[in-house]
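What follows is the content of start.txt (compact mmCIF, C-alpha atoms and all ligand atoms).
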# COMPACT_ATOMS: atom_id res chain seq x y z
CA MET A 1381 21.18 -51.02 72.47
CA ILE A 1382 17.64 -50.72 71.15
CA PRO A 1383 15.99 -50.14 74.58
CA VAL A 1384 18.46 -47.29 75.23
CA MET A 1385 17.34 -45.65 71.98
CA ILE A 1386 13.68 -46.07 72.95
CA TYR A 1387 14.28 -44.50 76.37
CA LEU A 1388 16.20 -41.63 74.75
CA PHE A 1389 13.24 -41.14 72.40
CA ILE A 1390 10.83 -41.11 75.36
CA PHE A 1391 13.05 -38.58 77.14
CA ILE A 1392 13.05 -36.26 74.10
CA ILE A 1393 9.25 -36.55 73.80
CA GLY A 1394 9.13 -35.64 77.52
CA LEU A 1395 11.23 -32.52 76.83
CA MET A 1396 8.95 -31.48 73.97
CA VAL A 1397 5.81 -31.96 76.05
CA GLY A 1398 7.59 -30.02 78.83
CA SER A 1399 8.05 -27.14 76.41
CA PHE A 1400 4.28 -27.12 75.82
CA LEU A 1401 3.71 -27.25 79.60
CA ASN A 1402 5.69 -24.00 79.90
CA VAL A 1403 3.22 -22.40 77.49
CA CYS A 1404 0.33 -23.70 79.63
CA ILE A 1405 1.93 -22.45 82.88
CA TYR A 1406 2.44 -19.01 81.37
CA ARG A 1407 -0.85 -18.61 79.50
CA ILE A 1408 -3.59 -20.44 81.49
CA PRO A 1409 -3.57 -17.97 84.45
CA LEU A 1410 -3.75 -15.07 81.94
CA GLU A 1411 -6.69 -16.83 80.26
CA LYS A 1412 -4.88 -16.77 76.93
CA THR A 1413 -5.29 -19.57 74.40
CA ILE A 1414 -2.74 -22.38 74.61
CA VAL A 1415 -3.32 -23.79 71.14
CA LYS A 1416 -2.77 -20.74 68.96
CA GLY A 1417 -0.06 -18.12 68.80
CA ARG A 1418 3.69 -18.46 68.45
CA SER A 1419 6.12 -18.06 71.32
CA TYR A 1420 7.56 -14.62 71.86
CA CYS A 1421 10.03 -13.03 74.25
CA PRO A 1422 8.04 -11.58 77.20
CA SER A 1423 10.59 -8.75 77.43
CA CYS A 1424 11.00 -7.39 73.85
CA GLU A 1425 7.95 -9.25 72.44
CA LYS A 1426 9.90 -10.43 69.36
CA LEU A 1427 8.62 -13.72 67.95
CA ILE A 1428 10.96 -16.63 68.62
CA PRO A 1429 11.88 -18.48 65.41
CA TRP A 1430 11.31 -22.26 65.46
CA TYR A 1431 15.06 -23.05 65.44
CA LEU A 1432 15.46 -21.10 68.70
CA ASN A 1433 12.47 -22.83 70.26
CA VAL A 1434 14.08 -26.26 70.69
CA PRO A 1435 13.50 -27.53 74.25
CA LEU A 1436 16.52 -27.28 76.54
CA LEU A 1437 19.06 -26.89 73.69
CA SER A 1438 18.00 -23.34 72.80
CA TYR A 1439 18.33 -22.28 76.41
CA LEU A 1440 21.85 -23.73 76.59
CA ILE A 1441 22.96 -22.32 73.22
CA LEU A 1442 21.61 -18.84 73.97
CA GLY A 1443 23.18 -18.96 77.45
CA GLY A 1444 19.83 -18.23 79.07
CA LYS A 1445 19.38 -14.86 77.32
CA CYS A 1446 17.02 -13.57 74.61
CA LYS A 1447 18.87 -13.42 71.25
CA TYR A 1448 17.53 -9.94 70.51
CA CYS A 1449 17.26 -7.96 73.74
CA LYS A 1450 19.57 -10.11 75.92
CA ALA A 1451 16.93 -10.20 78.68
CA PRO A 1452 17.54 -13.24 80.90
CA ILE A 1453 15.25 -16.20 80.22
CA SER A 1454 13.93 -17.75 83.44
CA PRO A 1455 15.70 -21.04 84.31
CA VAL A 1456 12.23 -22.30 85.24
CA TYR A 1457 11.63 -23.03 81.52
CA PRO A 1458 14.43 -25.60 81.06
CA PHE A 1459 13.73 -26.89 84.60
CA VAL A 1460 10.10 -27.69 83.72
CA GLU A 1461 11.23 -29.40 80.49
CA LEU A 1462 13.80 -31.53 82.31
CA LEU A 1463 11.43 -32.33 85.19
CA ASN A 1464 8.76 -33.55 82.78
CA ALA A 1465 11.27 -35.55 80.73
CA PHE A 1466 12.59 -37.33 83.85
CA LEU A 1467 9.11 -38.07 85.24
CA VAL A 1468 8.04 -39.55 81.89
CA LEU A 1469 11.27 -41.55 81.73
CA PHE A 1470 10.80 -42.88 85.30
CA SER A 1471 7.19 -43.85 84.54
CA PHE A 1472 8.31 -46.05 81.66
CA LEU A 1473 11.39 -47.39 83.49
CA ILE A 1474 9.29 -48.43 86.50
CA TYR A 1475 6.09 -49.60 84.75
CA GLY A 1476 7.58 -50.78 81.43
CA PHE A 1477 5.96 -50.10 78.08
CA THR A 1478 2.41 -50.22 79.45
CA LEU A 1479 -0.73 -48.11 79.34
CA THR A 1480 -0.12 -47.43 83.04
CA ALA A 1481 3.16 -45.68 82.18
CA LEU A 1482 1.36 -43.59 79.55
CA PHE A 1483 -1.42 -42.66 82.03
CA LEU A 1484 1.20 -41.65 84.61
CA SER A 1485 3.08 -39.53 82.07
CA ILE A 1486 -0.07 -37.55 81.25
CA LEU A 1487 -0.94 -37.24 84.94
CA PHE A 1488 2.55 -35.96 85.84
CA SER A 1489 2.37 -33.35 83.08
CA ILE A 1490 -0.89 -32.00 84.54
CA LEU A 1491 0.64 -32.03 88.05
CA ILE A 1492 3.59 -29.95 86.81
CA VAL A 1493 1.28 -27.30 85.32
CA VAL A 1494 -0.85 -27.21 88.50
CA SER A 1495 2.22 -26.91 90.75
CA PHE A 1496 3.97 -24.12 88.88
CA ILE A 1497 0.79 -22.07 88.47
CA ASP A 1498 0.09 -22.54 92.19
CA LEU A 1499 3.66 -21.46 93.04
CA ARG A 1500 3.38 -18.30 90.98
CA HIS A 1501 -0.27 -17.30 91.45
CA GLN A 1502 -1.47 -19.23 94.54
CA ILE A 1503 -4.39 -20.67 92.59
CA ILE A 1504 -5.29 -24.05 91.10
CA PRO A 1505 -7.42 -23.25 88.01
CA ASP A 1506 -10.69 -25.21 87.80
CA GLY A 1507 -9.99 -26.11 84.16
CA LEU A 1508 -6.93 -28.09 85.24
CA VAL A 1509 -8.88 -29.89 87.98
CA VAL A 1510 -11.49 -30.85 85.35
CA SER A 1511 -8.74 -32.18 83.02
CA LEU A 1512 -7.34 -34.20 85.91
CA LEU A 1513 -10.83 -35.51 86.74
CA LEU A 1514 -11.43 -36.63 83.13
CA LEU A 1515 -8.07 -38.42 83.05
CA ALA A 1516 -8.88 -40.05 86.41
CA VAL A 1517 -12.25 -41.34 85.13
CA VAL A 1518 -10.70 -42.87 81.98
CA HIS A 1519 -7.88 -44.38 84.06
CA ALA A 1520 -10.29 -45.82 86.66
CA VAL A 1521 -12.53 -47.31 83.94
CA TYR A 1522 -9.42 -48.95 82.42
CA ARG A 1523 -8.19 -50.30 85.78
CA ILE A 1524 -11.64 -51.58 86.83
CA GLY A 1525 -12.77 -52.87 83.44
CA ILE A 1526 -9.56 -54.39 82.05
CA LEU A 1527 -7.39 -55.07 85.11
CA ASN A 1528 -10.30 -56.00 87.46
CA ASP A 1529 -9.42 -53.52 90.20
CA PRO A 1530 -12.31 -53.14 92.70
CA TRP A 1531 -14.31 -49.98 91.92
CA GLN A 1532 -14.45 -49.08 95.63
CA LEU A 1533 -10.69 -48.40 95.52
CA TYR A 1534 -11.25 -45.39 93.25
CA LEU A 1535 -14.60 -44.17 94.62
CA ILE A 1536 -13.18 -44.06 98.17
CA GLY A 1537 -10.02 -42.49 96.70
CA PHE A 1538 -12.08 -39.50 95.61
CA PHE A 1539 -13.00 -38.77 99.24
CA ALA A 1540 -10.09 -40.24 101.25
CA ALA A 1541 -7.77 -37.22 101.16
CA SER A 1542 -10.19 -34.50 100.06
CA ILE A 1543 -12.56 -34.85 103.03
CA PRO A 1544 -9.81 -34.49 105.69
CA LEU A 1545 -8.47 -31.46 103.78
CA LEU A 1546 -11.99 -30.02 103.54
CA ILE A 1547 -12.48 -30.38 107.31
CA LEU A 1548 -9.03 -28.84 107.96
CA GLY A 1549 -9.93 -25.99 105.60
CA LEU A 1550 -13.13 -25.34 107.57
CA ILE A 1551 -11.18 -25.24 110.85
CA TYR A 1552 -8.30 -23.10 109.48
CA PRO A 1553 -9.81 -21.08 106.62
CA ASP A 1554 -6.50 -19.24 106.00
CA GLY A 1555 -4.36 -22.33 105.62
CA LEU A 1556 -5.97 -24.29 102.81
CA GLY A 1557 -7.73 -23.30 99.63
CA GLY A 1558 -10.75 -24.95 98.01
CA GLY A 1559 -8.42 -25.63 95.06
CA ASP A 1560 -6.36 -28.03 97.18
CA VAL A 1561 -9.49 -29.96 98.20
CA LYS A 1562 -10.74 -30.33 94.59
CA TYR A 1563 -7.22 -31.21 93.46
CA MET A 1564 -6.89 -34.07 95.96
CA ALA A 1565 -10.39 -35.36 95.12
CA ALA A 1566 -9.52 -35.66 91.42
CA ALA A 1567 -6.04 -37.05 92.14
CA GLY A 1568 -7.53 -39.58 94.59
CA LEU A 1569 -9.92 -40.83 91.92
CA PHE A 1570 -6.84 -41.49 89.79
CA THR A 1571 -4.64 -43.18 92.40
CA GLY A 1572 -7.18 -44.97 94.58
CA TRP A 1573 -7.49 -44.45 98.35
CA LYS A 1574 -4.32 -46.26 99.47
CA LEU A 1575 -1.92 -44.25 97.36
CA ILE A 1576 -3.69 -40.89 97.86
CA LEU A 1577 -3.44 -41.28 101.65
CA LEU A 1578 0.25 -42.10 101.24
CA ALA A 1579 0.57 -39.07 98.92
CA LEU A 1580 -1.03 -36.80 101.52
CA PHE A 1581 1.32 -38.15 104.19
CA LEU A 1582 4.46 -37.79 102.02
CA GLY A 1583 3.43 -34.33 100.81
CA ASN A 1584 3.08 -33.18 104.42
CA ILE A 1585 6.50 -34.61 105.35
CA VAL A 1586 8.17 -32.76 102.46
CA ALA A 1587 6.29 -29.54 103.34
CA LEU A 1588 7.34 -29.91 106.98
CA PHE A 1589 11.03 -30.30 106.04
CA TYR A 1590 10.77 -27.33 103.70
CA PHE A 1591 9.28 -25.22 106.50
CA ILE A 1592 11.97 -26.27 108.97
CA VAL A 1593 14.69 -25.27 106.49
CA LEU A 1594 12.99 -21.90 105.84
CA PHE A 1595 12.58 -21.40 109.57
CA LEU A 1596 16.24 -22.17 110.31
CA LYS A 1597 17.30 -19.76 107.56
CA LYS A 1598 14.99 -17.24 109.26
CA LYS A 1599 13.09 -16.75 106.02
CA ALA A 1600 9.81 -17.89 107.50
CA SER A 1601 7.78 -17.08 110.58
CA ARG A 1602 4.67 -18.78 111.88
CA GLY A 1603 2.48 -16.67 109.63
CA THR A 1604 4.33 -17.39 106.38
CA ARG A 1605 2.04 -18.76 103.69
CA ILE A 1606 3.24 -21.16 101.07
CA PRO A 1607 1.09 -22.81 98.41
CA PHE A 1608 0.28 -26.41 99.35
CA GLY A 1609 -0.35 -27.64 95.79
CA PRO A 1610 3.30 -28.29 94.87
CA PHE A 1611 3.82 -30.39 98.02
CA LEU A 1612 0.67 -32.40 97.32
CA SER A 1613 2.02 -32.96 93.80
CA ILE A 1614 5.38 -34.19 95.10
CA GLY A 1615 3.49 -36.58 97.40
CA ILE A 1616 1.37 -37.90 94.51
CA VAL A 1617 4.44 -38.46 92.29
CA LEU A 1618 6.36 -40.28 95.05
CA ALA A 1619 3.31 -42.39 95.95
CA LEU A 1620 2.69 -43.45 92.35
CA LEU A 1621 6.33 -44.20 91.48
CA PHE A 1622 7.41 -45.85 94.75
CA GLY A 1623 4.17 -46.29 96.74
CA TYR A 1624 3.74 -50.05 96.71
CA LYS A 1625 7.44 -50.50 97.53
CA LEU A 1626 7.13 -48.04 100.45
CA ILE A 1627 4.00 -49.76 101.81
CA GLU A 1628 5.83 -53.11 101.58
CA ILE A 1629 8.85 -51.76 103.49
CA TYR A 1630 6.57 -50.20 106.12
CA LEU A 1631 4.59 -53.42 106.61
CA GLY A 1632 7.89 -55.28 106.72
CA MET A 1633 9.07 -53.06 109.56
CA ILE A 1634 5.97 -53.41 111.72
CA LEU A 1635 5.25 -57.05 110.94
CA GLY A 1636 8.88 -58.14 110.83
CA TYR A 1637 9.12 -59.70 107.37
ZN ZN B 1701 13.79 -10.35 74.02

As structure tokens, the full file:
Amino acid sequence: MIPVMIYLFIFIIGLMVGSFLNVCIYRIPLEKTIVKGRSYCPSCEKLIPWYLNVPLLSYLILGGKCKYCKAPISPVYPFVELLNAFLVLFSFLIYGFTLTALFLSILFSILIVVSFIDLRHQIIPDGLVVSLLLLAVVHAVYRIGILNDPWQLYLIGFFAASIPLLILGLIYPDGLGGGDVKYMAAAGLFTGWKLILLALFLGNIVALFYFIVLFLKKKASRGTRIPFGPFLSIGIVLALLFGYKLIEIYLGMILGY
């Protein structure tokens, strides 16, 4: 009974952090402050009272419309809250009540902000890459210092996926942005080289499937551009949550055990 309550608590914290992530996604590209200022309706600009600013619940109670002007509220807001809550929950379910789970929760929150800004504006702001880099350094110091991971794992991780992307970007300047390269460097310093290579591989598979679906629906042609950041993020999340299991299964298949 008690663990269920703790997980419910973690889920609610995840929703609340998700609500803050929405503020970041909306304000960082506009270069507005994320720490000051109350939430307001982007349509009628009325301030939203605190009791209508409850994550997820407010959206459901208001039926997805502003209380004052009835303008529809984007379903992206509750989606981001739920996505963050589930990723935080999975981190703690898979890694237990450990510092690793806490590190992953913070990482996933940054990945969500990066992905949704990239989807909307086709940029990965440098400030977010720097935040990711700082988190990665603290995480690597913890893993190397306390858990005795080899330092090479993280140093090579910084270059393992970013260098191939950099070379690809030089060959096809239209396909990849410098933001993607910096993003994978910082993420690789967090995950280490094994998991960042897996992340790059998985991200490409998901992107490929997405493109095939778009192509079959005739919504994409060869020249269609989609931001790569969200796919890299999906790859990183999958690699961190299921990576060692996937590597085990893969080795099992080729080595027969
Ligand atoms: Zn309104």

Enumerate, as a count of residues only, the protein, DNA and RNA residues whose atoms approach (8.3, -36.4, 76.5) to within 9 Å, taking into account all atoms listed in the file and the coordinate frame of the file.
-> 18

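Comparing the minimum interatomic distances between ligand ZN 1701 (chain B) and each of A:Gly1559, A:Gly1444, A:Gly1507, A:Pro1435, counting all atoms listed in the file, we find that A:Gly1444 sits nearest.
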
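For ligand ZN 1701 (chain B), the neighbouring polymer residues at 7 Å or closer are Cys1421, Pro1422, Ser1423, Cys1424, Glu1425, Lys1426, Cys1446, Lys1447, Tyr1448, Cys1449, Lys1450 and Ala1451 of chain A, only C-alpha atoms and all ligand atoms being used.
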
Using atom CA of A:Ile1504 and atom CA of A:Ile1543 as the two end points, give the distance in Å to one decimal.
-> 17.7 Å

Pairwise distance, atom CA of A:Phe1611 with atom CA of A:Gly1549, equals 16.3 Å

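One distance worth recording is that between atom CA of A:Met1385 and atom CA of A:Ile1490, which is 26.0 Å.
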
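With all atoms listed in the file as the atoms that count, the minimum distance from A:Leu1577 to the choices A:Leu1631, A:Leu1546, A:Ala1619, A:Leu1594 is reached by A:Ala1619.
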
Determine, counting only C-alpha atoms, which protein, DNA and RNA residues have an atom within 9 Å of an atom of A:Ala1566; residues of the same chain fewer than 6 positions away are not included. Present the result as JSON, numbers by chain.
-> {"A": [1509, 1510, 1512, 1513, 1514, 1515, 1516, 1517, 1537, 1538, 1542]}

List every protein, DNA or RNA residue with an atom no more than 12 Å from (-18.0, -47.6, 93.8) in the file's coordinates, counting all atoms listed in the file, and format the result as an NGL selection string.
-> :A and (1520-1521 or 1524 or 1529-1539 or 1569 or 1572-1573)

Which residues, written as a PyMOL selection string, have at least one atom at most 12 Å from A:Phe1470, with only C-alpha atoms counted and residues fewer than 5 positions away on the same chain left out?
-> chain A and resi 1387-1388+1390-1391+1394+1463-1465+1475-1477+1481-1482+1484-1485+1488+1617-1618+1620-1622

Within 9 Å of stretch 1550-1557 of chain A using all atoms listed in the file, minus same-chain residues under 6 positions, as a PyMOL selection string | chain A and resi 1503-1504+1605-1608

Shortest interatomic distance to A:Ile1492 - which of A:Ser1419, A:Ser1511, A:Ser1613, A:Ser1471, counting all atoms listed in the file | A:Ser1613

Nearest to A:Tyr1590: which of A:Gly1568, A:Pro1610, A:Ile1414, A:Tyr1439 is it, counting only C-alpha atoms?
-> A:Pro1610

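Using only C-alpha atoms, the smallest distance between any of A:Arg1523, A:Lys1597, A:Lys1562, A:Lys1625 and A:Leu1479 comes from A:Arg1523.
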
Which residue, A:Tyr1406, A:Phe1581, A:Phe1570, A:Tyr1630, has the smallest gap to A:Ile1486 when you use only C-alpha atoms?
-> A:Phe1570

Excluding same-chain residues fewer than 3 positions from A:Leu1578, what lies within 10 Å of it counting only C-alpha atoms, as a list of chain:residue names?
-> A:Ala1541, A:Trp1573, A:Lys1574, A:Leu1575, A:Phe1581, A:Leu1582, A:Gly1583, A:Asn1584, A:Gly1615, A:Ile1616, A:Leu1618, A:Ala1619, A:Leu1620, A:Gly1623, A:Tyr1624, A:Leu1626, A:Ile1627
